[in-house]
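**Student:** So that you have it, the file is structure37.pdb, and it contains PDB, C-alpha atoms and all ligand atoms:
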ATOM      1  CA  MET A   1      -1.276  19.390 -29.306
ATOM      2  CA  GLU A   2      -0.478  16.286 -31.345
ATOM      3  CA  LEU A   3       1.109  13.415 -29.469
ATOM      4  CA  SER A   4       3.568  11.244 -31.288
ATOM      5  CA  SER A   5       3.338   7.570 -30.440
ATOM      6  CA  ASN A   6       5.152   5.535 -27.797
ATOM      7  CA  PRO A   7       6.192   7.759 -24.928
ATOM      8  CA  VAL A   8       8.766   6.188 -22.576
ATOM      9  CA  PHE A   9       6.178   6.614 -19.807
ATOM     10  CA  THR A  10       3.430   9.003 -18.715
ATOM     11  CA  PHE A  11       2.410  10.464 -15.361
ATOM     12  CA  GLY A  12      -0.384  12.573 -13.911
ATOM     13  CA  VAL A  13       0.007  15.872 -12.052
ATOM     14  CA  ILE A  14      -2.372  17.677  -9.723
ATOM     15  CA  ALA A  15      -1.750  20.525  -7.279
ATOM     16  CA  ASP A  16      -3.345  22.188  -4.267
ATOM     17  CA  ILE A  17      -6.500  20.133  -3.852
ATOM     18  CA  GLN A  18      -7.013  21.669  -0.384
ATOM     19  CA  TYR A  19     -10.170  19.667   0.270
ATOM     20  CA  ALA A  20     -12.382  20.514   3.248
ATOM     21  CA  ASP A  21     -16.005  19.651   3.912
ATOM     22  CA  ILE A  22     -16.966  23.329   4.309
ATOM     23  CA  ASP A  23     -18.759  25.964   2.234
ATOM     24  CA  ASP A  24     -16.898  27.892  -0.436
ATOM     25  CA  GLY A  25     -14.751  30.757   0.821
ATOM     26  CA  PHE A  26     -12.026  33.136  -0.268
ATOM     27  CA  ASN A  27      -8.235  33.338  -0.178
ATOM     28  CA  PHE A  28      -6.234  35.291   2.443
ATOM     29  CA  HIS A  29      -6.706  38.611   0.606
ATOM     30  CA  GLY A  30     -10.377  37.960  -0.146
ATOM     31  CA  THR A  31      -9.810  38.204  -3.885
ATOM     32  CA  ARG A  32     -10.176  34.586  -5.081
ATOM     33  CA  LYS A  33     -12.965  32.136  -4.490
ATOM     34  CA  ARG A  34     -12.054  28.723  -3.011
ATOM     35  CA  TYR A  35     -14.210  25.697  -3.714
ATOM     36  CA  TYR A  36     -13.448  23.447  -0.737
ATOM     37  CA  ARG A  37     -15.943  20.644  -1.374
ATOM     38  CA  SER A  38     -15.835  20.740  -5.138
ATOM     39  CA  SER A  39     -12.074  20.100  -5.074
ATOM     40  CA  LEU A  40     -12.815  16.435  -4.284
ATOM     41  CA  GLN A  41     -15.030  16.179  -7.371
ATOM     42  CA  LEU A  42     -12.248  17.709  -9.483
ATOM     43  CA  LEU A  43      -9.824  15.089  -8.149
ATOM     44  CA  CYS A  44     -12.423  12.468  -9.048
ATOM     45  CA  ASN A  45     -12.546  13.875 -12.620
ATOM     46  CA  ALA A  46      -8.757  13.662 -12.823
ATOM     47  CA  ASN A  47      -8.593  10.079 -11.560
ATOM     48  CA  ARG A  48     -11.315   8.970 -13.963
ATOM     49  CA  CYS A  49      -9.524  10.590 -16.894
ATOM     50  CA  TRP A  50      -6.169   8.995 -15.968
ATOM     51  CA  ASP A  51      -7.866   5.631 -15.559
ATOM     52  CA  GLN A  52      -9.350   5.852 -19.048
ATOM     53  CA  GLN A  53      -6.040   6.656 -20.756
ATOM     54  CA  LEU A  54      -4.875   4.191 -23.334
ATOM     55  CA  ILE A  55      -1.428   4.291 -21.760
ATOM     56  CA  LYS A  56      -1.997   4.270 -17.990
ATOM     57  CA  PRO A  57       0.108   6.815 -16.060
ATOM     58  CA  SER A  58       3.024   5.142 -14.261
ATOM     59  CA  PHE A  59       2.296   7.311 -11.227
ATOM     60  CA  ILE A  60       0.582  10.509 -10.070
ATOM     61  CA  LEU A  61       2.397  13.526  -8.616
ATOM     62  CA  GLN A  62       0.258  15.200  -5.952
ATOM     63  CA  LEU A  63       2.114  18.488  -5.556
ATOM     64  CA  GLY A  64       1.097  19.285  -1.972
ATOM     65  CA  ASP A  65      -1.676  20.954   0.065
ATOM     66  CA  ILE A  66      -3.886  17.892  -0.305
ATOM     67  CA  ILE A  67      -6.323  19.141   2.390
ATOM     68  CA  ASP A  68      -6.993  22.672   3.620
ATOM     69  CA  GLY A  69      -5.767  24.140   6.915
ATOM     70  CA  PHE A  70      -9.396  24.856   7.903
ATOM     71  CA  ASN A  71      -9.796  21.148   8.672
ATOM     72  CA  LYS A  72      -7.655  21.633  11.765
ATOM     73  CA  LYS A  73     -10.089  24.222  13.167
ATOM     74  CA  TYR A  74     -12.980  21.771  12.837
ATOM     75  CA  GLY A  75     -11.080  18.749  14.155
ATOM     76  CA  ALA A  76     -11.524  17.178  10.719
ATOM     77  CA  SER A  77      -7.900  16.775   9.584
ATOM     78  CA  GLU A  78      -7.753  12.983   9.722
ATOM     79  CA  ARG A  79     -11.218  12.527   8.222
ATOM     80  CA  ALA A  80     -10.483  14.916   5.338
ATOM     81  CA  LEU A  81      -7.165  13.210   4.638
ATOM     82  CA  GLN A  82      -8.801   9.774   4.571
ATOM     83  CA  THR A  83     -11.476  11.122   2.189
ATOM     84  CA  VAL A  84      -8.968  12.438  -0.352
ATOM     85  CA  VAL A  85      -6.530   9.544  -0.061
ATOM     86  CA  GLY A  86      -9.537   7.219  -0.308
ATOM     87  CA  GLU A  87     -10.447   8.842  -3.637
ATOM     88  CA  PHE A  88      -6.912   8.201  -4.919
ATOM     89  CA  SER A  89      -7.001   4.611  -3.715
ATOM     90  CA  ASN A  90     -10.056   3.791  -5.850
ATOM     91  CA  TYR A  91      -7.354   3.333  -8.496
ATOM     92  CA  SER A  92      -4.225   1.263  -8.365
ATOM     93  CA  THR A  93      -1.886   3.968  -9.715
ATOM     94  CA  ARG A  94       0.908   4.847  -7.285
ATOM     95  CA  VAL A  95       0.724   8.404  -5.926
ATOM     96  CA  HIS A  96       3.761  10.448  -4.899
ATOM     97  CA  HIS A  97       2.614  12.959  -2.294
ATOM     98  CA  VAL A  98       4.524  16.212  -1.803
ATOM     99  CA  TRP A  99       4.153  18.099   1.492
ATOM    100  CA  GLY A 100       3.075  21.754   1.470
ATOM    101  CA  ASN A 101       2.167  24.331   4.099
ATOM    102  CA  HIS A 102      -1.378  22.938   4.521
ATOM    103  CA  GLU A 103       0.009  19.527   5.463
ATOM    104  CA  PHE A 104       1.800  21.260   8.340
ATOM    105  CA  TYR A 105      -1.285  23.299   9.350
ATOM    106  CA  ASN A 106      -3.078  19.988   9.890
ATOM    107  CA  PHE A 107      -0.373  17.671  11.182
ATOM    108  CA  SER A 108       2.957  17.763  12.969
ATOM    109  CA  ARG A 109       5.979  16.599  11.038
ATOM    110  CA  SER A 110       6.158  13.432  13.135
ATOM    111  CA  GLU A 111       2.490  12.700  12.368
ATOM    112  CA  LEU A 112       3.170  13.117   8.654
ATOM    113  CA  CYS A 113       6.125  10.746   8.814
ATOM    114  CA  SER A 114       4.657   7.284   8.340
ATOM    115  CA  SER A 115       1.196   8.740   7.526
ATOM    116  CA  VAL A 116      -0.620   7.645   4.345
ATOM    117  CA  ILE A 117       0.999  10.590   2.539
ATOM    118  CA  ASP A 118       4.568   9.612   3.417
ATOM    119  CA  SER A 119       5.542   8.381  -0.042
ATOM    120  CA  ARG A 120       9.054   7.440   1.044
ATOM    121  CA  VAL A 121       7.581   3.973   1.582
ATOM    122  CA  HIS A 122       8.057   3.587  -2.179
ATOM    123  CA  CYS A 123      11.805   3.695  -1.510
ATOM    124  CA  VAL A 124      13.286   0.952   0.589
ATOM    125  CA  ARG A 125      15.109   2.851   3.344
ATOM    126  CA  VAL A 126      17.255   5.849   4.239
ATOM    127  CA  GLY A 127      20.198   5.942   1.865
ATOM    128  CA  ASP A 128      18.280   4.080  -0.796
ATOM    129  CA  GLY A 129      16.735   7.160  -2.378
ATOM    130  CA  VAL A 130      15.549   8.637   0.923
ATOM    131  CA  MET A 131      17.490  11.558   2.385
ATOM    132  CA  SER A 132      16.786  11.091   6.123
ATOM    133  CA  ASP A 133      14.014  10.652   8.678
ATOM    134  CA  ASP A 134      13.990  14.374   9.436
ATOM    135  CA  VAL A 135      13.732  15.753   5.882
ATOM    136  CA  TYR A 136      11.004  14.688   3.460
ATOM    137  CA  ALA A 137      13.192  14.365   0.373
ATOM    138  CA  TYR A 138      13.692  11.317  -1.825
ATOM    139  CA  HIS A 139      14.283  10.293  -5.407
ATOM    140  CA  PHE A 140      13.038   7.546  -7.677
ATOM    141  CA  SER A 141      13.510   6.383 -11.220
ATOM    142  CA  PRO A 142      10.263   5.381 -12.981
ATOM    143  CA  ALA A 143      12.107   4.368 -16.171
ATOM    144  CA  PRO A 144      15.734   3.985 -17.276
ATOM    145  CA  ASN A 145      17.427   7.396 -17.797
ATOM    146  CA  PHE A 146      14.789   9.355 -15.883
ATOM    147  CA  ARG A 147      14.803  10.386 -12.230
ATOM    148  CA  PHE A 148      12.407  12.403 -10.068
ATOM    149  CA  VAL A 149      13.645  14.195  -6.953
ATOM    150  CA  VAL A 150      10.949  15.138  -4.449
ATOM    151  CA  LEU A 151      12.098  18.029  -2.247
ATOM    152  CA  ASP A 152      11.085  19.274   1.195
ATOM    153  CA  SER A 153      10.547  23.014   0.742
ATOM    154  CA  TYR A 154       9.506  23.381   4.403
ATOM    155  CA  ASP A 155      12.766  21.933   5.706
ATOM    156  CA  LEU A 156      13.607  25.457   6.890
ATOM    157  CA  SER A 157      10.330  26.868   8.103
ATOM    158  CA  ILE A 158       8.493  28.116  11.162
ATOM    159  CA  ILE A 159       5.614  25.776  10.390
ATOM    160  CA  GLY A 160       6.154  22.066  10.886
ATOM    161  CA  ARG A 161       9.307  22.445  12.986
ATOM    162  CA  GLU A 162       9.355  22.190  16.791
ATOM    163  CA  GLN A 163      10.025  25.609  18.330
ATOM    164  CA  SER A 164      12.879  24.105  20.330
ATOM    165  CA  SER A 165      14.624  22.812  17.191
ATOM    166  CA  GLU A 166      17.681  24.411  15.608
ATOM    167  CA  LYS A 167      15.902  24.574  12.252
ATOM    168  CA  TYR A 168      12.995  26.512  13.764
ATOM    169  CA  LYS A 169      15.344  28.967  15.448
ATOM    170  CA  LYS A 170      17.314  29.488  12.260
ATOM    171  CA  SER A 171      14.138  29.924  10.222
ATOM    172  CA  PHE A 172      12.639  32.363  12.710
ATOM    173  CA  LYS A 173      15.795  34.471  12.613
ATOM    174  CA  LEU A 174      15.788  34.461   8.816
ATOM    175  CA  ILE A 175      12.154  35.480   8.433
ATOM    176  CA  LYS A 176      12.375  38.184  11.131
ATOM    177  CA  ALA A 177      15.435  39.648   9.429
ATOM    178  CA  ASN A 178      13.475  39.979   6.193
ATOM    179  CA  ASN A 179       9.909  40.688   7.309
ATOM    180  CA  PRO A 180       9.126  43.484   9.812
ATOM    181  CA  ASN A 181       5.387  42.698  10.074
ATOM    182  CA  ASP A 182       3.800  41.377  13.275
ATOM    183  CA  ASN A 183       1.712  39.047  11.136
ATOM    184  CA  LEU A 184       4.385  37.030   9.365
ATOM    185  CA  ASN A 185       1.850  35.824   6.783
ATOM    186  CA  GLN A 186       1.766  39.454   5.571
ATOM    187  CA  PRO A 187       4.489  39.936   2.925
ATOM    188  CA  PRO A 188       7.076  42.674   3.473
ATOM    189  CA  GLY A 189       6.825  45.380   0.848
ATOM    190  CA  TYR A 190      10.494  46.260   0.232
ATOM    191  CA  ASN A 191      11.027  45.015  -3.253
ATOM    192  CA  GLN A 192       9.611  42.562  -5.719
ATOM    193  CA  TRP A 193      11.281  39.370  -4.517
ATOM    194  CA  GLN A 194      11.478  40.117  -0.795
ATOM    195  CA  GLY A 195       7.778  39.201  -0.578
ATOM    196  CA  ARG A 196       8.710  35.522  -0.295
ATOM    197  CA  PHE A 197       9.715  35.900   3.359
ATOM    198  CA  VAL A 198       6.333  34.929   4.760
ATOM    199  CA  LYS A 199       5.303  32.227   7.193
ATOM    200  CA  PHE A 200       3.456  30.162   4.569
ATOM    201  CA  ASN A 201       6.719  29.647   2.653
ATOM    202  CA  GLY A 202       9.948  27.948   3.625
ATOM    203  CA  GLY A 203      13.275  26.846   2.257
ATOM    204  CA  PHE A 204      16.007  24.227   2.083
ATOM    205  CA  SER A 205      18.616  23.414   4.712
ATOM    206  CA  GLN A 206      22.257  23.182   3.675
ATOM    207  CA  ASP A 207      22.054  19.423   4.371
ATOM    208  CA  GLN A 208      19.243  19.035   1.855
ATOM    209  CA  LEU A 209      21.098  21.158  -0.722
ATOM    210  CA  ASP A 210      24.231  19.012  -0.248
ATOM    211  CA  TRP A 211      22.159  15.831  -0.605
ATOM    212  CA  LEU A 212      20.497  17.192  -3.760
ATOM    213  CA  ASN A 213      23.894  18.100  -5.190
ATOM    214  CA  LYS A 214      25.120  14.524  -4.645
ATOM    215  CA  VAL A 215      21.994  13.041  -6.236
ATOM    216  CA  LEU A 216      22.525  15.286  -9.264
ATOM    217  CA  ILE A 217      26.237  14.438  -9.576
ATOM    218  CA  SER A 218      25.235  10.786  -9.783
ATOM    219  CA  ALA A 219      22.442  11.570 -12.292
ATOM    220  CA  ASP A 220      24.900  13.560 -14.454
ATOM    221  CA  LYS A 221      27.258  10.564 -14.522
ATOM    222  CA  LYS A 222      24.467   8.192 -15.513
ATOM    223  CA  GLU A 223      23.286  10.682 -18.159
ATOM    224  CA  GLU A 224      19.818  10.721 -16.622
ATOM    225  CA  LYS A 225      17.190  13.405 -17.065
ATOM    226  CA  VAL A 226      15.994  14.767 -13.739
ATOM    227  CA  ILE A 227      12.649  16.309 -12.862
ATOM    228  CA  ILE A 228      12.652  18.232  -9.583
ATOM    229  CA  VAL A 229       9.414  18.203  -7.606
ATOM    230  CA  SER A 230       8.744  20.817  -4.924
ATOM    231  CA  HIS A 231       5.644  22.342  -3.352
ATOM    232  CA  LEU A 232       7.198  25.814  -3.569
ATOM    233  CA  PRO A 233       8.235  27.236  -6.966
ATOM    234  CA  LEU A 234      11.995  27.755  -7.328
ATOM    235  CA  HIS A 235      12.278  30.407 -10.040
ATOM    236  CA  PRO A 236      11.064  34.005  -9.532
ATOM    237  CA  LEU A 237       9.735  34.180 -13.090
ATOM    238  CA  SER A 238       7.626  31.033 -12.694
ATOM    239  CA  THR A 239       5.421  32.391  -9.902
ATOM    240  CA  ASP A 240       4.184  35.392  -7.992
ATOM    241  CA  SER A 241       7.097  36.351  -5.720
ATOM    242  CA  ILE A 242       5.073  35.780  -2.544
ATOM    243  CA  CYS A 243       4.945  32.059  -3.351
ATOM    244  CA  LEU A 244       8.684  31.598  -3.970
ATOM    245  CA  ALA A 245      10.968  29.441  -1.781
ATOM    246  CA  TRP A 246      13.007  31.542   0.675
ATOM    247  CA  ASN A 247      16.452  30.473  -0.593
ATOM    248  CA  TYR A 248      15.458  29.849  -4.203
ATOM    249  CA  ASP A 249      18.724  31.489  -5.328
ATOM    250  CA  LYS A 250      20.847  28.836  -3.583
ATOM    251  CA  ILE A 251      18.920  25.920  -5.009
ATOM    252  CA  LEU A 252      18.761  27.456  -8.493
ATOM    253  CA  SER A 253      22.528  27.720  -8.650
ATOM    254  CA  ILE A 254      22.782  24.002  -7.802
ATOM    255  CA  LEU A 255      20.143  23.006 -10.364
ATOM    256  CA  ASN A 256      21.836  25.089 -13.032
ATOM    257  CA  SER A 257      25.240  23.508 -12.390
ATOM    258  CA  HIS A 258      24.017  20.028 -13.391
ATOM    259  CA  LYS A 259      23.244  19.059 -16.947
ATOM    260  CA  SER A 260      20.835  16.353 -15.819
ATOM    261  CA  VAL A 261      18.149  18.767 -14.592
ATOM    262  CA  VAL A 262      15.446  19.367 -17.196
ATOM    263  CA  CYS A 263      12.369  20.497 -15.309
ATOM    264  CA  VAL A 264      11.028  21.762 -11.984
ATOM    265  CA  MET A 265       7.395  21.062 -11.118
ATOM    266  CA  ALA A 266       5.720  22.986  -8.314
ATOM    267  CA  GLY A 267       2.358  23.983  -6.898
ATOM    268  CA  HIS A 268       1.444  26.504  -4.122
ATOM    269  CA  ASP A 269       0.750  29.426  -6.514
ATOM    270  CA  HIS A 270      -2.831  28.694  -7.541
ATOM    271  CA  ASP A 271      -2.547  30.873 -10.641
ATOM    272  CA  GLY A 272       0.239  28.689 -12.017
ATOM    273  CA  GLY A 273       3.227  29.924 -14.015
ATOM    274  CA  TYR A 274       5.972  28.924 -16.399
ATOM    275  CA  HIS A 275       9.505  30.008 -17.211
ATOM    276  CA  LEU A 276      12.311  28.507 -19.272
ATOM    277  CA  ASP A 277      15.502  29.598 -17.506
ATOM    278  CA  THR A 278      18.834  30.471 -19.106
ATOM    279  CA  SER A 279      20.197  26.978 -18.392
ATOM    280  CA  GLY A 280      17.315  25.420 -20.310
ATOM    281  CA  VAL A 281      15.393  24.205 -17.249
ATOM    282  CA  HIS A 282      11.597  24.349 -17.537
ATOM    283  CA  HIS A 283       9.982  25.760 -14.391
ATOM    284  CA  LEU A 284       6.364  24.744 -14.360
ATOM    285  CA  THR A 285       3.963  25.851 -11.613
ATOM    286  CA  LEU A 286       0.664  24.001 -11.838
ATOM    287  CA  GLU A 287      -2.669  25.797 -11.368
ATOM    288  CA  GLY A 288      -4.356  24.810  -8.100
ATOM    289  CA  VAL A 289      -7.535  22.742  -7.894
ATOM    290  CA  ILE A 290      -8.889  24.725  -4.923
ATOM    291  CA  GLU A 291      -9.426  27.943  -6.923
ATOM    292  CA  THR A 292     -10.856  26.151  -9.946
ATOM    293  CA  PRO A 293     -14.637  26.515 -10.477
ATOM    294  CA  PRO A 294     -16.698  23.286 -10.310
ATOM    295  CA  ASP A 295     -17.444  23.420 -14.047
ATOM    296  CA  SER A 296     -13.738  23.433 -14.942
ATOM    297  CA  ASP A 297     -10.721  21.229 -14.120
ATOM    298  CA  ALA A 298      -7.084  21.497 -13.035
ATOM    299  CA  PHE A 299      -4.916  18.477 -13.739
ATOM    300  CA  GLY A 300      -2.528  17.310 -16.379
ATOM    301  CA  THR A 301      -1.001  14.235 -17.951
ATOM    302  CA  VAL A 302       2.648  14.339 -18.957
ATOM    303  CA  TYR A 303       3.924  12.208 -21.840
ATOM    304  CA  VAL A 304       7.650  11.680 -21.483
ATOM    305  CA  TYR A 305       9.870  11.017 -24.523
ATOM    306  CA  GLU A 306      13.659  10.766 -24.837
ATOM    307  CA  ASP A 307      13.852  14.364 -26.112
ATOM    308  CA  LYS A 308      10.835  16.105 -24.603
ATOM    309  CA  MET A 309       7.842  16.081 -22.276
ATOM    310  CA  VAL A 310       4.383  16.936 -23.506
ATOM    311  CA  LEU A 311       1.912  18.234 -20.945
ATOM    312  CA  LYS A 312      -1.719  17.673 -21.838
ATOM    313  CA  GLY A 313      -3.635  20.038 -19.586
ATOM    314  CA  ASN A 314      -7.266  19.894 -18.565
ATOM    315  CA  GLY A 315      -9.417  22.907 -17.689
ATOM    316  CA  ARG A 316      -7.239  25.755 -16.396
ATOM    317  CA  ILE A 317      -3.995  23.919 -17.171
ATOM    318  CA  SER A 318      -2.694  24.568 -20.692
ATOM    319  CA  ASP A 319      -0.964  22.147 -23.000
ATOM    320  CA  ARG A 320       2.795  22.628 -23.089
ATOM    321  CA  LEU A 321       5.702  21.257 -25.068
ATOM    322  CA  LEU A 322       8.811  20.995 -22.892
ATOM    323  CA  MET A 323      11.809  20.208 -25.101
ATOM    324  CA  PHE A 324      14.938  18.927 -23.332
ATOM    325  CA  GLN A 325      17.630  21.510 -24.120
TER     326      GLN A 325
HETATM  327 ZN    ZN B   1       0.887  25.831  -0.484
END
Go ahead and express the file in the form of structure tokens.
**Tutor:**
Amino acid sequence: MELSSNPVFTFGVIADIQYADIDDGFNFHGTRKRYYRSSLQLLCNANRCWDQQLIKPSFILQLGDIIDGFNKKYGASERALQTVVGEFSNYSTRVHHVWGNHEFYNFSRSELCSSVIDSRVHCVRVGDGVMSDDVYAYHFSPAPNFRFVVLDSYDLSIIGREQSSEKYKKSFKLIKANNPNDNLNQPPGYNQWQGRFVKFNGGFSQDQLDWLNKVLISADKKEEKVIIVSHLPLHPLSTDSICLAWNYDKILSILNSHKSVVCVMAGHDHDGGYHLDTSGVHHLTLEGVIETPPDSDAFGTVYVYEDKMVLKGNGRISDRLLMFQ
């Protein structure tokens, strides 16, 4: 894809690194190979490529699941996290870390808050871009007229919430009402989109939806273009249904009621996906590093212009032209 000159800014994207210092394995269903050690090398490839760009990325979006849940079993969570974050910090580019299910397999929510992957430190304080201490959601503007909103798609979830908390209780009720299986990581088989009610997914509290709505009202007024960032995909046609956020319908109706929203970027579904919805919002799910063979790659660089974004993909990630509608 040809790039016209002078983008407003560029940024890097990478999803589902899931690093662990263990031998290769397979996914939950035993159908896809996972390259736990090689994922670090693929991150290294990405960082080197971004560093060599003529126009240096303003920041990197790490879309969640930075280390694999297996680390917990081996008591290696902290070491694995330091290894991957250490690889990022060989370069001076700021990284925005999203939290996915594997973050919560390794760490409690309170451990994650103020950890090296709590990127809210890039905002000054609660109220100044940050939603609250309890919900990992914040927004930032890397250039005039553009805003990124990082969402907490495990705000409602039975992982990462204390069992005594109201959010846990509410989430448990919701998942039990929609999934009859004893193993709640096993999707229910009712219909196509019911499969999302599994333990490794989550959703958004009403408080977070209200906060998002306010952020978007302000962005509409300022005529900004907003990119939504979430570990879980938000549109059923941009992912396999078993990777979709629980209350995707609620958040979609908010996103589609604001003219500022131009794109949603997500991870979690290692096969990736893409859909342009009827409101003109691009829903992009990035292919995951963890299921990418060592001789390939899975990262992208996005060139942002006033009227479009151009994704230059590497390895499994394809080039894409995302026109603002
Ligand atoms: Zn995930």
**Student:** Name the residues, by chain letter and number, that sit within 6 Å of ligand ZN 1 (chain B) using only C-alpha atoms and all ligand atoms, and give them as a compact mmCIF listing (two decimals) with C-alpha atoms, in the frame of the given file.
**Tutor:**
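Saved to selection_19.txt:
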# COMPACT_ATOMS: atom_id res chain seq x y z
CA ASP A 65 -1.68 20.95 0.06
CA GLY A 100 3.08 21.75 1.47
CA ASN A 101 2.17 24.33 4.10
CA HIS A 268 1.44 26.50 -4.12
**Student:** With all atoms listed in the file counted, which protein, DNA or RNA residues have an atom no more than 12 Å from (-4.6, 38.1, -12.4) in the file frame? Please answer as a list of chain:residue names.
**Tutor:** A:Thr31, A:Arg32, A:Thr239, A:Asp240, A:Asp269, A:His270, A:Asp271, A:Gly272, A:Gly273
**Student:** Have a look at atom CA of Gln194 of chain A and atom CA of Leu244 of chain A and let me know their distance in Å, one decimal.
**Tutor:**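 One can read the atom CA of Gln194 of chain A to atom CA of Leu244 of chain A distance as 9.5 Å.
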**Student:** Name every residue that the PyMOL selection byres (((chain A and resi 179-191) around 12) and not hetatm) selects in this structure, writing the answer as a PyMOL selection string with chains first and numbers rising.
**Tutor:** chain A and resi 28-29+101+157-159+171-178+192-202+240-244+246
**Student:** Report, in Å to a single decimal, how far apart atom CA of Asp155 of chain A and atom CA of Gln208 of chain A are.
**Tutor:** 8.1 Å
**Student:** A:Ile217, A:Val302, A:Val8, A:Val130: which is nearest Pro142 of chain A, counting only C-alpha atoms?
**Tutor:**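 Between A:Ile217, A:Val302, A:Val8, A:Val130, the residue approaching Pro142 of chain A most closely is A:Val8.
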**Student:** Please indicate the distance in Å from atom CA of Arg320 of chain A to atom CA of Asp277 of chain A, rounded to one decimal place.
**Tutor:**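 Between atom CA of Arg320 of chain A and atom CA of Asp277 of chain A the gap is 15.5 Å.
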**Student:** I'd like to know which of A:Asn45, A:Ser108, A:Gln62, A:Ser218 is closest to His139 of chain A, using all atoms listed in the file.
**Tutor:** A:Ser218
**Student:** Select, from A:Ile290, A:Cys263, A:Ile22, A:Val150, the residue with the minimum atom-to-atom distance to Ser230 of chain A, counting all atoms listed in the file.
**Tutor:**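 Using all atoms listed in the file, the shortest distance to Ser230 of chain A belongs to A:Val150.
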**Student:** Contacts of Thr292 of chain A at 9 Å or less, counting only C-alpha atoms, minus same-chain residues fewer than 4 places along, as a list in words?
**Tutor:**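 The residues satisfying every condition are Lys33, Arg34, Tyr35, Ser38, Ser39, Leu42, His270, Glu287, Gly288, Ser296, Asp297, Ala298, Gly315 and Arg316 of chain A.
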**Student:** Residues as selected, C-alpha atoms, written as a compact mmCIF listing (two decimals), in the frame of the given file, can you do that?
**Tutor:**
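Ended up saving to result21.txt:
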# COMPACT_ATOMS: atom_id res chain seq x y z
CA LYS A 33 -12.96 32.14 -4.49
CA ARG A 34 -12.05 28.72 -3.01
CA TYR A 35 -14.21 25.70 -3.71
CA SER A 38 -15.84 20.74 -5.14
CA SER A 39 -12.07 20.10 -5.07
CA LEU A 42 -12.25 17.71 -9.48
CA HIS A 270 -2.83 28.69 -7.54
CA GLU A 287 -2.67 25.80 -11.37
CA GLY A 288 -4.36 24.81 -8.10
CA SER A 296 -13.74 23.43 -14.94
CA ASP A 297 -10.72 21.23 -14.12
CA ALA A 298 -7.08 21.50 -13.04
CA GLY A 315 -9.42 22.91 -17.69
CA ARG A 316 -7.24 25.76 -16.40
**Student:** For the PyMOL selection byres (((chain A and resi 322) around 10) and not hetatm), applied here, can you spell out every residue it catches as a PyMOL selection string?
**Tutor:** chain A and resi 262-263+276+280-284+302+304+307-311+319-321+323-325
**Student:** Would you write out, as a count of residues only, every residue that the PyMOL selection byres (((chain A and resi 19) around 7) and not hetatm) captures in this file?
**Tutor:** 12
**Student:** Identify which of the residues A:Ala266, A:Ala76, A:Leu216, A:Leu43 lies closest to Asp152 of chain A, counting all atoms listed in the file when measuring atom-to-atom distances.
**Tutor:**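 For Asp152 of chain A, the nearest of the candidates is A:Ala266.
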**Student:** Which residue is closest to Ser260 of chain A? Choose from A:Ser119, A:Asn145, A:Tyr303, A:Phe88 and count all atoms listed in the file.
**Tutor:**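 Answer, going by the shortest atom-to-atom distance: A:Asn145.
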**Student:** Grab all the atoms of segment 310-317 of chain A that the file lists, wrap them in a box along x, y and z, add 8 Å per side, and give me centre plus edge lengths in Å (one decimal) as JSON.
**Tutor:**
{"center_x": -2.5, "center_y": 21.3, "center_z": -20.0, "size_x": 29.8, "size_y": 24.8, "size_z": 23.1}
**Student:** I'd like to know which of A:Pro233, A:Pro293, A:Glu224, A:Pro57 is closest to Tyr274 of chain A, using all atoms listed in the file.
**Tutor:**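 For Tyr274 of chain A, the nearest of the given residues is A:Pro233.
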**Student:** In the coordinate frame of the file, compute which residues have an atom within 10 Å of (3.7, 2.7, -24.0) when using only C-alpha atoms, and state them as a PyMOL selection string.
**Tutor:** chain A and resi 5-10+54-57+303
